[in-house]
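Content type PDB, C-alpha atoms, pLDDT in the B column, from the file structure.pdb:
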ATOM      1  CA  MET K  15     119.610 116.938 144.034  1.00 83.00           C
ATOM      2  CA  TYR K  16     117.185 113.990 143.938  1.00 86.00           C
ATOM      3  CA  ASP K  17     118.143 113.428 140.329  1.00 87.00           C
ATOM      4  CA  LEU K  18     121.753 113.124 141.341  1.00 90.00           C
ATOM      5  CA  ILE K  19     120.923 110.623 144.073  1.00 90.00           C
ATOM      6  CA  ILE K  20     118.847 108.521 141.700  1.00 87.00           C
ATOM      7  CA  PHE K  21     121.626 108.708 139.127  1.00 86.00           C
ATOM      8  CA  LEU K  22     124.215 107.533 141.640  1.00 89.00           C
ATOM      9  CA  ILE K  23     121.975 104.709 142.849  1.00 88.00           C
ATOM     10  CA  LEU K  24     121.425 103.557 139.274  1.00 85.00           C
ATOM     11  CA  MET K  25     125.151 103.771 138.581  1.00 85.00           C
ATOM     12  CA  SER K  26     126.085 101.658 141.580  1.00 88.00           C
ATOM     13  CA  LEU K  27     123.282  99.145 140.945  1.00 86.00           C
ATOM     14  CA  GLY K  28     124.415  98.817 137.348  1.00 85.00           C
ATOM     15  CA  TYR K  29     128.048  98.486 138.365  1.00 87.00           C
ATOM     16  CA  GLY K  30     127.394  95.844 141.024  1.00 88.00           C
ATOM     17  CA  PHE K  31     124.809  93.672 139.283  1.00 86.00           C
ATOM     18  CA  GLY K  32     126.310  94.163 135.837  1.00 85.00           C
ATOM     19  CA  ARG K  33     129.749  92.949 136.920  1.00 88.00           C
ATOM     20  CA  VAL K  34     128.363  89.881 138.671  1.00 89.00           C
ATOM     21  CA  ALA K  35     126.078  89.058 135.730  1.00 87.00           C
ATOM     22  CA  GLU K  36     128.890  89.401 133.213  1.00 89.00           C
ATOM     23  CA  LYS K  37     131.308  87.260 135.208  1.00 91.00           C
ATOM     24  CA  ARG K  38     128.690  84.558 135.642  1.00 92.00           C
ATOM     25  CA  HIS K  39     127.795  84.680 131.981  1.00 92.00           C
ATOM     26  CA  TYR K  40     131.415  84.367 130.840  1.00 93.00           C
ATOM     27  CA  LYS K  41     131.925  81.441 133.193  1.00 94.00           C
ATOM     28  CA  SER K  42     128.938  79.572 131.789  1.00 94.00           C
ATOM     29  CA  ILE K  43     129.937  80.428 128.194  1.00 94.00           C
ATOM     30  CA  ILE K  44     133.443  79.024 128.669  1.00 94.00           C
ATOM     31  CA  GLU K  45     132.123  75.878 130.353  1.00 93.00           C
ATOM     32  CA  ARG K  46     129.629  75.146 127.603  1.00 93.00           C
ATOM     33  CA  GLU K  47     132.135  76.035 124.870  1.00 92.00           C
ATOM     34  CA  THR K  48     134.619  73.445 126.080  1.00 92.00           C
ATOM     35  CA  ASP K  49     131.791  70.916 126.236  1.00 91.00           C
ATOM     36  CA  LEU K  50     130.452  71.689 122.753  1.00 91.00           C
ATOM     37  CA  ASN K  51     133.845  71.834 121.051  1.00 90.00           C
ATOM     38  CA  ARG K  52     133.101  68.346 119.733  1.00 91.00           C
ATOM     39  CA  ILE K  53     130.621  69.951 117.302  1.00 91.00           C
ATOM     40  CA  PRO K  54     132.706  72.223 115.101  1.00 90.00           C
ATOM     41  CA  ALA K  55     130.914  75.214 113.616  1.00 90.00           C
ATOM     42  CA  ILE K  56     132.327  75.652 110.133  1.00 89.00           C
ATOM     43  CA  ALA K  57     131.886  78.784 108.061  1.00 89.00           C
ATOM     44  CA  LEU K  58     132.388  77.040 104.706  1.00 87.00           C
ATOM     45  CA  ARG K  59     129.641  77.352 102.142  1.00 84.00           C
ATOM     46  CA  PHE K  60     130.006  73.821 100.807  1.00 81.00           C
ATOM     47  CA  PRO K  61     130.531  70.645 102.793  1.00 79.00           C
ATOM     48  CA  PRO K  62     133.371  68.461 101.460  1.00 77.00           C
ATOM     49  CA  PRO K  63     132.209  66.272  98.551  1.00 72.00           C
ATOM     50  CA  SER K  64     133.375  63.159 100.398  1.00 72.00           C
ATOM     51  CA  LEU K  65     130.627  63.699 102.961  1.00 71.00           C
ATOM     52  CA  LYS K  66     127.536  61.593 102.316  1.00 69.00           C
ATOM     53  CA  PRO K  67     125.142  62.135 105.204  1.00 62.00           C
ATOM     54  CA  GLN K  68     121.464  61.277 105.227  1.00 68.00           C
ATOM     55  CA  HIS K  69     120.201  64.310 106.985  1.00 82.00           C
ATOM     56  CA  THR K  70     120.702  68.065 107.039  1.00 86.00           C
ATOM     57  CA  VAL K  71     118.689  70.387 109.276  1.00 89.00           C
ATOM     58  CA  LEU K  72     118.603  74.154 109.658  1.00 92.00           C
ATOM     59  CA  VAL K  73     119.537  75.099 113.208  1.00 93.00           C
ATOM     60  CA  MET K  74     119.529  78.516 114.813  1.00 92.00           C
ATOM     61  CA  GLY K  75     120.127  80.194 118.126  1.00 93.00           C
ATOM     62  CA  SER K  76     119.426  83.740 119.164  1.00 92.00           C
ATOM     63  CA  VAL K  77     119.833  85.944 122.184  1.00 93.00           C
ATOM     64  CA  VAL K  78     118.860  89.482 123.163  1.00 89.00           C
ATOM     65  CA  ILE K  79     121.231  90.941 125.686  1.00 90.00           C
ATOM     66  CA  SER K  80     121.326  94.311 127.365  1.00 86.00           C
ATOM     67  CA  ILE K  81     124.093  96.508 128.692  1.00 86.00           C
ATOM     68  CA  ASP K  82     123.914  97.796 132.266  1.00 86.00           C
ATOM     69  CA  TYR K  83     123.460 101.409 133.300  1.00 84.00           C
ATOM     70  CA  PHE K  84     127.012 101.969 134.495  1.00 87.00           C
ATOM     71  CA  LYS K  85     128.560 100.689 131.292  1.00 87.00           C
ATOM     72  CA  ARG K  86     126.236 102.763 129.178  1.00 84.00           C
ATOM     73  CA  ILE K  87     127.335 105.915 130.981  1.00 85.00           C
ATOM     74  CA  ALA K  88     130.972 104.818 130.769  1.00 86.00           C
ATOM     75  CA  ALA K  89     130.566 104.257 127.034  1.00 85.00           C
ATOM     76  CA  GLY K  90     128.960 107.684 126.724  1.00 84.00           C
ATOM     77  CA  LEU K  91     132.014 109.255 128.336  1.00 87.00           C
ATOM     78  CA  ARG K  92     134.285 107.217 126.097  1.00 86.00           C
ATOM     79  CA  GLY K  93     132.344 108.609 123.169  1.00 84.00           C
ATOM     80  CA  LEU K  94     133.593 112.079 124.069  1.00 89.00           C
ATOM     81  CA  VAL K  95     137.273 111.217 123.884  1.00 89.00           C
ATOM     82  CA  GLY K  96     137.219 108.367 121.387  1.00 87.00           C
ATOM     83  CA  GLY K  97     138.979 105.029 121.544  1.00 86.00           C
ATOM     84  CA  ARG K  98     137.969 101.461 122.266  1.00 87.00           C
ATOM     85  CA  MET K  99     134.577 101.000 123.869  1.00 85.00           C
ATOM     86  CA  MET K 100     135.337  98.008 126.046  1.00 85.00           C
ATOM     87  CA  SER K 101     131.840  97.848 127.506  1.00 85.00           C
ATOM     88  CA  TYR K 102     130.191  97.345 124.126  1.00 87.00           C
ATOM     89  CA  GLU K 103     132.931  94.982 122.968  1.00 90.00           C
ATOM     90  CA  THR K 104     132.238  92.555 125.789  1.00 90.00           C
ATOM     91  CA  LEU K 105     128.482  92.892 125.274  1.00 90.00           C
ATOM     92  CA  LEU K 106     128.698  91.883 121.615  1.00 92.00           C
ATOM     93  CA  ASP K 107     131.273  89.190 122.333  1.00 93.00           C
ATOM     94  CA  ARG K 108     128.989  87.596 124.919  1.00 93.00           C
ATOM     95  CA  ALA K 109     125.957  87.844 122.663  1.00 93.00           C
ATOM     96  CA  ARG K 110     127.700  86.198 119.702  1.00 94.00           C
ATOM     97  CA  ARG K 111     129.210  83.385 121.696  1.00 94.00           C
ATOM     98  CA  GLU K 112     125.890  82.739 123.440  1.00 94.00           C
ATOM     99  CA  ALA K 113     123.996  82.637 120.127  1.00 95.00           C
ATOM    100  CA  VAL K 114     126.511  80.195 118.617  1.00 94.00           C
ATOM    101  CA  LEU K 115     126.277  78.040 121.742  1.00 95.00           C
ATOM    102  CA  ARG K 116     122.497  77.909 121.558  1.00 95.00           C
ATOM    103  CA  MET K 117     122.684  76.916 117.928  1.00 95.00           C
ATOM    104  CA  LYS K 118     125.172  74.168 118.781  1.00 94.00           C
ATOM    105  CA  GLU K 119     122.970  72.974 121.634  1.00 94.00           C
ATOM    106  CA  GLN K 120     120.080  72.602 119.202  1.00 93.00           C
ATOM    107  CA  ALA K 121     122.336  70.708 116.794  1.00 93.00           C
ATOM    108  CA  ASP K 122     123.620  68.532 119.623  1.00 92.00           C
ATOM    109  CA  GLY K 123     120.053  67.603 120.585  1.00 91.00           C
ATOM    110  CA  MET K 124     119.561  66.233 117.066  1.00 89.00           C
ATOM    111  CA  GLY K 125     122.741  64.202 117.186  1.00 89.00           C
ATOM    112  CA  ALA K 126     124.634  66.333 114.659  1.00 90.00           C
ATOM    113  CA  ASN K 127     128.391  66.108 114.447  1.00 87.00           C
ATOM    114  CA  MET K 128     129.082  69.412 112.708  1.00 88.00           C
ATOM    115  CA  VAL K 129     127.387  72.608 111.614  1.00 92.00           C
ATOM    116  CA  PHE K 130     128.116  74.132 108.221  1.00 90.00           C
ATOM    117  CA  ASN K 131     127.783  77.588 106.712  1.00 91.00           C
ATOM    118  CA  ILE K 132     127.459  79.550 109.937  1.00 93.00           C
ATOM    119  CA  LYS K 133     126.009  83.010 109.527  1.00 93.00           C
ATOM    120  CA  LEU K 134     125.810  85.567 112.288  1.00 93.00           C
ATOM    121  CA  GLU K 135     123.472  88.486 112.257  1.00 91.00           C
ATOM    122  CA  THR K 136     123.332  91.411 114.645  1.00 89.00           C
ATOM    123  CA  ALA K 137     120.458  93.831 115.133  1.00 83.00           C
ATOM    124  CA  SER K 138     120.067  96.575 117.705  1.00 77.00           C
ATOM    125  CA  ILE K 139     116.648  96.373 119.301  1.00 70.00           C
ATOM    126  CA  SER K 140     116.057  99.587 121.186  1.00 62.00           C
ATOM    127  CA  LYS K 141     117.342 101.909 118.540  1.00 53.00           C
ATOM    128  CA  GLY K 142     115.788 105.350 118.250  1.00 48.00           C
ATOM    129  CA  ARG K 143     115.199 105.922 121.931  1.00 54.00           C
ATOM    130  CA  LYS K 144     117.366 109.016 122.230  1.00 54.00           C
ATOM    131  CA  ASN K 145     120.184 107.184 120.467  1.00 49.00           C
ATOM    132  CA  LYS K 146     120.570 104.831 123.396  1.00 60.00           C
ATOM    133  CA  ILE K 147     121.541 101.540 121.871  1.00 60.00           C
ATOM    134  CA  GLY K 148     121.143  99.454 124.993  1.00 71.00           C
ATOM    135  CA  SER K 149     120.436  95.974 123.741  1.00 80.00           C
ATOM    136  CA  VAL K 150     121.480  93.876 120.792  1.00 86.00           C
ATOM    137  CA  GLU K 151     120.043  90.767 119.254  1.00 88.00           C
ATOM    138  CA  VAL K 152     122.380  88.229 117.732  1.00 92.00           C
ATOM    139  CA  LEU K 153     121.161  85.365 115.603  1.00 93.00           C
ATOM    140  CA  ALA K 154     123.412  82.480 114.596  1.00 94.00           C
ATOM    141  CA  TYR K 155     122.272  79.940 112.052  1.00 94.00           C
ATOM    142  CA  GLY K 156     123.702  77.140 110.038  1.00 94.00           C
ATOM    143  CA  THR K 157     123.051  73.691 108.640  1.00 92.00           C
ATOM    144  CA  ALA K 158     123.592  70.773 110.979  1.00 91.00           C
ATOM    145  CA  ILE K 159     125.015  67.640 109.386  1.00 89.00           C
ATOM    146  CA  ILE K 160     123.583  64.548 111.031  1.00 87.00           C
ATOM    147  CA  PRO K 161     125.319  61.235 110.365  1.00 83.00           C
ATOM    148  CA  ALA K 162     123.169  58.411 108.973  1.00 74.00           C
ATOM    149  CA  ALA K 163     123.134  56.395 112.188  1.00 66.00           C
ATOM    150  CA  ALA K 164     121.769  59.285 114.270  1.00 62.00           C
ATOM    151  CA  ALA K 165     119.291  60.249 111.546  1.00 58.00           C
ATOM    152  CA  VAL K 166     117.668  56.823 111.752  1.00 57.00           C
ATOM    153  CA  VAL K 167     117.012  57.394 115.433  1.00 56.00           C
ATOM    154  CA  LEU K 168     115.618  60.851 114.655  1.00 56.00           C
ATOM    155  CA  ASN K 169     113.157  59.501 112.120  1.00 51.00           C
TER     156      ASN K 169
ATOM    157  CA  MET W   1     110.264  69.982 103.519  1.00 88.00           C
ATOM    158  CA  LEU W   2     114.028  70.185 103.847  1.00 90.00           C
ATOM    159  CA  LEU W   3     115.360  73.514 105.035  1.00 92.00           C
ATOM    160  CA  SER W   4     119.029  74.333 104.696  1.00 90.00           C
ATOM    161  CA  ASN W   5     121.264  77.322 104.359  1.00 90.00           C
ATOM    162  CA  LEU W   6     123.747  75.376 102.263  1.00 88.00           C
ATOM    163  CA  GLU W   7     123.641  75.823  98.518  1.00 87.00           C
ATOM    164  CA  ILE W   8     123.803  72.103  97.844  1.00 83.00           C
ATOM    165  CA  VAL W   9     122.530  69.103  99.743  1.00 84.00           C
ATOM    166  CA  PRO W  10     125.238  66.480 100.170  1.00 80.00           C
ATOM    167  CA  GLY W  11     124.284  63.251  98.425  1.00 78.00           C
ATOM    168  CA  LYS W  12     121.342  64.770  96.547  1.00 83.00           C
ATOM    169  CA  SER W  13     121.008  66.781  93.383  1.00 86.00           C
ATOM    170  CA  VAL W  14     118.674  69.614  92.474  1.00 89.00           C
ATOM    171  CA  ALA W  15     116.205  68.575  89.787  1.00 90.00           C
ATOM    172  CA  GLN W  16     114.479  71.905  89.332  1.00 91.00           C
ATOM    173  CA  HIS W  17     114.797  75.464  90.627  1.00 91.00           C
ATOM    174  CA  LEU W  18     111.502  77.149  91.464  1.00 93.00           C
ATOM    175  CA  GLY W  19     112.738  80.604  92.412  1.00 92.00           C
ATOM    176  CA  LEU W  20     112.736  82.780  95.487  1.00 94.00           C
ATOM    177  CA  VAL W  21     110.368  82.138  98.370  1.00 95.00           C
ATOM    178  CA  GLN W  22     110.054  84.485 101.298  1.00 94.00           C
ATOM    179  CA  GLY W  23     108.233  85.043 104.523  1.00 94.00           C
ATOM    180  CA  ASN W  24     108.129  87.941 106.940  1.00 92.00           C
ATOM    181  CA  SER W  25     106.614  88.834 110.266  1.00 92.00           C
ATOM    182  CA  VAL W  26     106.419  92.178 112.012  1.00 89.00           C
ATOM    183  CA  ARG W  27     105.983  92.025 115.753  1.00 82.00           C
ATOM    184  CA  ALA W  28     105.572  94.685 118.383  1.00 78.00           C
ATOM    185  CA  LYS W  29     106.686  94.050 121.920  1.00 71.00           C
ATOM    186  CA  HIS W  30     104.057  94.349 124.613  1.00 70.00           C
ATOM    187  CA  VAL W  31     104.090  96.670 127.581  1.00 67.00           C
ATOM    188  CA  GLY W  32     104.809  94.093 130.285  1.00 68.00           C
ATOM    189  CA  ARG W  33     107.892  92.907 128.509  1.00 69.00           C
ATOM    190  CA  ASP W  34     108.932  96.474 127.873  1.00 71.00           C
ATOM    191  CA  ILE W  35     108.844  97.297 131.585  1.00 74.00           C
ATOM    192  CA  MET W  36     110.968  94.241 132.392  1.00 73.00           C
ATOM    193  CA  ALA W  37     113.340  95.238 129.620  1.00 72.00           C
ATOM    194  CA  SER W  38     113.786  98.745 130.992  1.00 73.00           C
ATOM    195  CA  LEU W  39     114.671  97.222 134.361  1.00 75.00           C
ATOM    196  CA  LYS W  40     117.194  94.993 132.665  1.00 75.00           C
ATOM    197  CA  ASN W  41     118.648  98.079 131.028  1.00 74.00           C
ATOM    198  CA  ILE W  42     119.815  99.090 134.507  1.00 78.00           C
ATOM    199  CA  PHE W  43     121.153  95.728 135.663  1.00 80.00           C
ATOM    200  CA  GLY W  44     122.302  94.334 132.351  1.00 81.00           C
ATOM    201  CA  GLY W  45     121.844  90.758 131.207  1.00 82.00           C
ATOM    202  CA  GLU W  46     119.665  88.763 128.894  1.00 86.00           C
ATOM    203  CA  LEU W  47     116.208  90.014 127.952  1.00 83.00           C
ATOM    204  CA  LYS W  48     114.468  86.631 127.901  1.00 84.00           C
ATOM    205  CA  GLY W  49     111.111  88.092 126.874  1.00 82.00           C
ATOM    206  CA  TYR W  50     112.581  89.649 123.765  1.00 83.00           C
ATOM    207  CA  THR W  51     114.575  86.548 122.913  1.00 87.00           C
ATOM    208  CA  GLU W  52     111.359  84.497 122.968  1.00 87.00           C
ATOM    209  CA  LEU W  53     109.402  87.124 121.069  1.00 85.00           C
ATOM    210  CA  LEU W  54     111.952  87.293 118.276  1.00 86.00           C
ATOM    211  CA  GLN W  55     112.256  83.524 118.146  1.00 89.00           C
ATOM    212  CA  GLU W  56     108.490  83.129 117.782  1.00 90.00           C
ATOM    213  CA  SER W  57     108.265  85.682 115.036  1.00 90.00           C
ATOM    214  CA  ARG W  58     111.251  84.215 113.236  1.00 91.00           C
ATOM    215  CA  GLU W  59     109.555  80.818 113.312  1.00 92.00           C
ATOM    216  CA  GLU W  60     106.457  82.435 111.867  1.00 93.00           C
ATOM    217  CA  ALA W  61     108.498  84.010 109.067  1.00 94.00           C
ATOM    218  CA  VAL W  62     110.003  80.597 108.312  1.00 94.00           C
ATOM    219  CA  SER W  63     106.596  78.907 108.295  1.00 95.00           C
ATOM    220  CA  ARG W  64     105.257  81.506 105.855  1.00 95.00           C
ATOM    221  CA  MET W  65     108.249  80.866 103.632  1.00 95.00           C
ATOM    222  CA  VAL W  66     107.566  77.120 103.836  1.00 95.00           C
ATOM    223  CA  GLU W  67     103.911  77.693 102.921  1.00 95.00           C
ATOM    224  CA  GLN W  68     105.007  79.545  99.813  1.00 94.00           C
ATOM    225  CA  ALA W  69     107.433  76.805  98.928  1.00 95.00           C
ATOM    226  CA  GLU W  70     104.701  74.181  99.320  1.00 94.00           C
ATOM    227  CA  ALA W  71     102.415  76.232  97.111  1.00 94.00           C
ATOM    228  CA  VAL W  72     104.908  76.075  94.240  1.00 94.00           C
ATOM    229  CA  GLY W  73     105.433  72.362  94.774  1.00 93.00           C
ATOM    230  CA  ALA W  74     108.954  72.387  96.175  1.00 93.00           C
ATOM    231  CA  ASN W  75     110.308  69.739  98.511  1.00 92.00           C
ATOM    232  CA  ALA W  76     113.235  71.772  99.847  1.00 92.00           C
ATOM    233  CA  VAL W  77     114.310  75.350 100.449  1.00 94.00           C
ATOM    234  CA  LEU W  78     118.023  75.965 100.050  1.00 92.00           C
ATOM    235  CA  ASN W  79     120.335  78.854 100.832  1.00 92.00           C
ATOM    236  CA  ILE W  80     118.049  80.329 103.489  1.00 94.00           C
ATOM    237  CA  ARG W  81     118.986  83.750 104.849  1.00 93.00           C
ATOM    238  CA  PHE W  82     117.532  85.722 107.722  1.00 93.00           C
ATOM    239  CA  SER W  83     117.431  89.438 108.146  1.00 90.00           C
ATOM    240  CA  THR W  84     116.082  91.770 110.787  1.00 86.00           C
ATOM    241  CA  SER W  85     115.113  95.400 110.423  1.00 82.00           C
ATOM    242  CA  SER W  86     113.505  97.817 112.835  1.00 76.00           C
ATOM    243  CA  VAL W  87     110.550  99.444 111.120  1.00 74.00           C
ATOM    244  CA  THR W  88     109.376 101.789 113.840  1.00 73.00           C
ATOM    245  CA  GLN W  89     110.359 102.116 117.453  1.00 71.00           C
ATOM    246  CA  GLY W  90     109.186  99.076 119.391  1.00 67.00           C
ATOM    247  CA  ALA W  91     108.633  96.811 116.415  1.00 75.00           C
ATOM    248  CA  ALA W  92     110.937  94.628 114.417  1.00 79.00           C
ATOM    249  CA  GLU W  93     110.560  92.886 111.096  1.00 86.00           C
ATOM    250  CA  LEU W  94     111.931  89.385 110.780  1.00 89.00           C
ATOM    251  CA  TYR W  95     112.472  88.233 107.239  1.00 92.00           C
ATOM    252  CA  ALA W  96     113.440  84.850 105.892  1.00 94.00           C
ATOM    253  CA  TYR W  97     114.116  84.006 102.260  1.00 94.00           C
ATOM    254  CA  GLY W  98     115.526  81.183 100.248  1.00 95.00           C
ATOM    255  CA  THR W  99     115.400  79.283  96.989  1.00 94.00           C
ATOM    256  CA  ALA W 100     112.671  76.705  96.499  1.00 95.00           C
ATOM    257  CA  VAL W 101     113.902  73.604  94.716  1.00 94.00           C
ATOM    258  CA  ILE W 102     112.805  70.087  93.884  1.00 94.00           C
ATOM    259  CA  LEU W 103     115.395  67.560  95.007  1.00 90.00           C
ATOM    260  CA  ASP W 104     115.874  64.154  93.449  1.00 83.00           C
TER     261      ASP W 104
END
Take the structure from the file and write it as structure tokens.
Amino acid sequence: MYDLIIFLILMSLGYGFGRVAEKRHYKSIIERETDLNRIPAIALRFPPPSLKPQHTVLVMGSVVISIDYFKRIAAGLRGLVGGRMMSYETLLDRARREAVLRMKEQADGMGANMVFNIKLETASISKGRKNKIGSVEVLAYGTAIIPAAAAVVLN
Amino acid sequence: MLLSNLEIVPGKSVAQHLGLVQGNSVRAKHVGRDIMASLKNIFGGELKGYTELLQESREEAVSRMVEQAEAVGANAVLNIRFSTSSVTQGAAELYAYGTAVILD
């Protein structure tokens, strides 16, 4: 009986706080994305040969983000019937966009105007605990291209 | 030391390849952070403690890689890659590798 009450409390806490947190996170992601659109993140391996900058720097951004209790249970139920797991899709989407944003923010602080050869890497952190994959880490990294004028200031 | 995950550096040419350099770091999370993380597992959201922990250990992996590159006399490491693997429960290995080169 007590177990059931605790379970229901956890479910409602997860539902309430998780929804608010996700909404707030998406809002801030979209705001910062529109701001940082001036620094394109390009997944090409080679910069164009016409480019002759003075400075290239490795930049990276990472985030560890966790799913809430309600969504984990919902995903568990979804696992019984199969189909799209919306709760994990949004989790990974948020984590990737956040990691790319952090990388761009670092590049922006150095005065870069683009970031080349973006790589994204995902790792699940709390694996092995009764198969509950609750949190993921996403790392985004790339090479920031800093134009000569900004590089002088940096040095 | 120039670090880059591009295979070429625009405007510069590679004079000599010195081979693979690598650095790793295995970190365990500590109990305080773990308790906070289990709370966050209920509410959802970012686990700031883990983000910092992984960032620190990734920086350490990079600095070990740079040490190796300095030891072989390189002035740049190109085509850097990162990888993460969980060794045991509660610990993660951060690994960084790249090619040490001498740039003109």
Selection dump of the PyMOL selection byres ((chain W and resi 92) around 12), as a PyMOL selection string: (chain K and resi 137-141+151) or (chain W and resi 24-29+50+53-55+57-58+83-91+93-95)
What does the ChimeraX specification (/K :<6) & /W select in this file, as a PyMOL selection string? chain W and resi 3-5+10-11+41-47+51
I'd like the contact shell of Ile102 in chain W - 6 Å cut-off, only C-alpha atoms, skipping same-chain residues fewer than 2 positions apart - returned as a list of chain:residue names.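 In the requested form, the answer reads W:Ala15, W:Gln16, W:Ala74, W:Asn75.
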Write to file, as a tab-separated table (two decimals), in the frame of the given file, the residues of the selection just made, with C-alpha atoms.
chain	number	residue	atom	x	y	z
W	15	ALA	CA	116.20	68.58	89.79
W	16	GLN	CA	114.48	71.90	89.33
W	74	ALA	CA	108.95	72.39	96.18
W	75	ASN	CA	110.31	69.74	98.51
Residue members of the PyMOL selection byres ((chain W and resi 7) around 6) in the file shown, as a list in words: Leu6, Ile8, Leu78 and Asn79 of chain W
With C-alpha atoms kept, could you save the residues just selected as a PDB file, in the frame of the given file?
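Saved as selection_14.pdb:
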ATOM      1  CA  LEU W   6     123.747  75.376 102.263  1.00 88.00           C
ATOM      2  CA  ILE W   8     123.803  72.103  97.844  1.00 83.00           C
ATOM      3  CA  LEU W  78     118.023  75.965 100.050  1.00 92.00           C
ATOM      4  CA  ASN W  79     120.335  78.854 100.832  1.00 92.00           C
TER       5      ASN W  79
END
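Using only C-alpha atoms, the shortest contact distance between Val66 in chain W and any of W:Leu103, W:Val9, W:Val21, W:Met36 is found at W:Val21.
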Between CA of Ala113 in chain K and CA of Ala55 in chain K, what is the spacing in Å?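 Separating CA of Ala55 in chain K from CA of Ala113 in chain K is a distance of 12.1 Å.
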Using all atoms listed in the file, find the one residue out of W:Lys48, W:Ala96, W:Glu70, W:Gln22 that sits nearest to Asp34 in chain W.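 Nearest to Asp34 in chain W: W:Lys48.
CA of Val129 in chain K lies 15.4 Å from CA of Asp49 in chain K.
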Considering all atoms listed in the file, can you say which of K:Arg38, K:Thr48, K:Leu22, K:Ile160 comes closest to Asp122 in chain K?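 Closest to Asp122 in chain K of all the choices is K:Ile160.
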What gap, in Å, lies between CA of Ser63 in chain W and CA of Leu20 in chain W?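 Value for the CA of Ser63 in chain W-CA of Leu20 in chain W distance: 14.7 Å.
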Could you work out an axis-aligned box for range 52-66 of chain W, taking every atom the file lists and adding 6 Å on each side, and report centre and edge lengths in Å to one decimal, as JSON?
{"center_x": 108.8, "center_y": 82.2, "center_z": 113.3, "size_x": 19.0, "size_y": 22.2, "size_z": 31.3}
Option closest in space to Glu60 in chain W, from W:Gly23, W:Gly73, W:Ser38, W:Asp104 [counting only C-alpha atoms]: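 Closest candidate: W:Gly23.
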Residue nearest Glu45 in chain K - candidates K:Thr104, K:Arg110, K:Leu115, K:Ile19, atoms counted: all atoms listed in the file: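 For Glu45 in chain K, the nearest of the candidates is K:Leu115.
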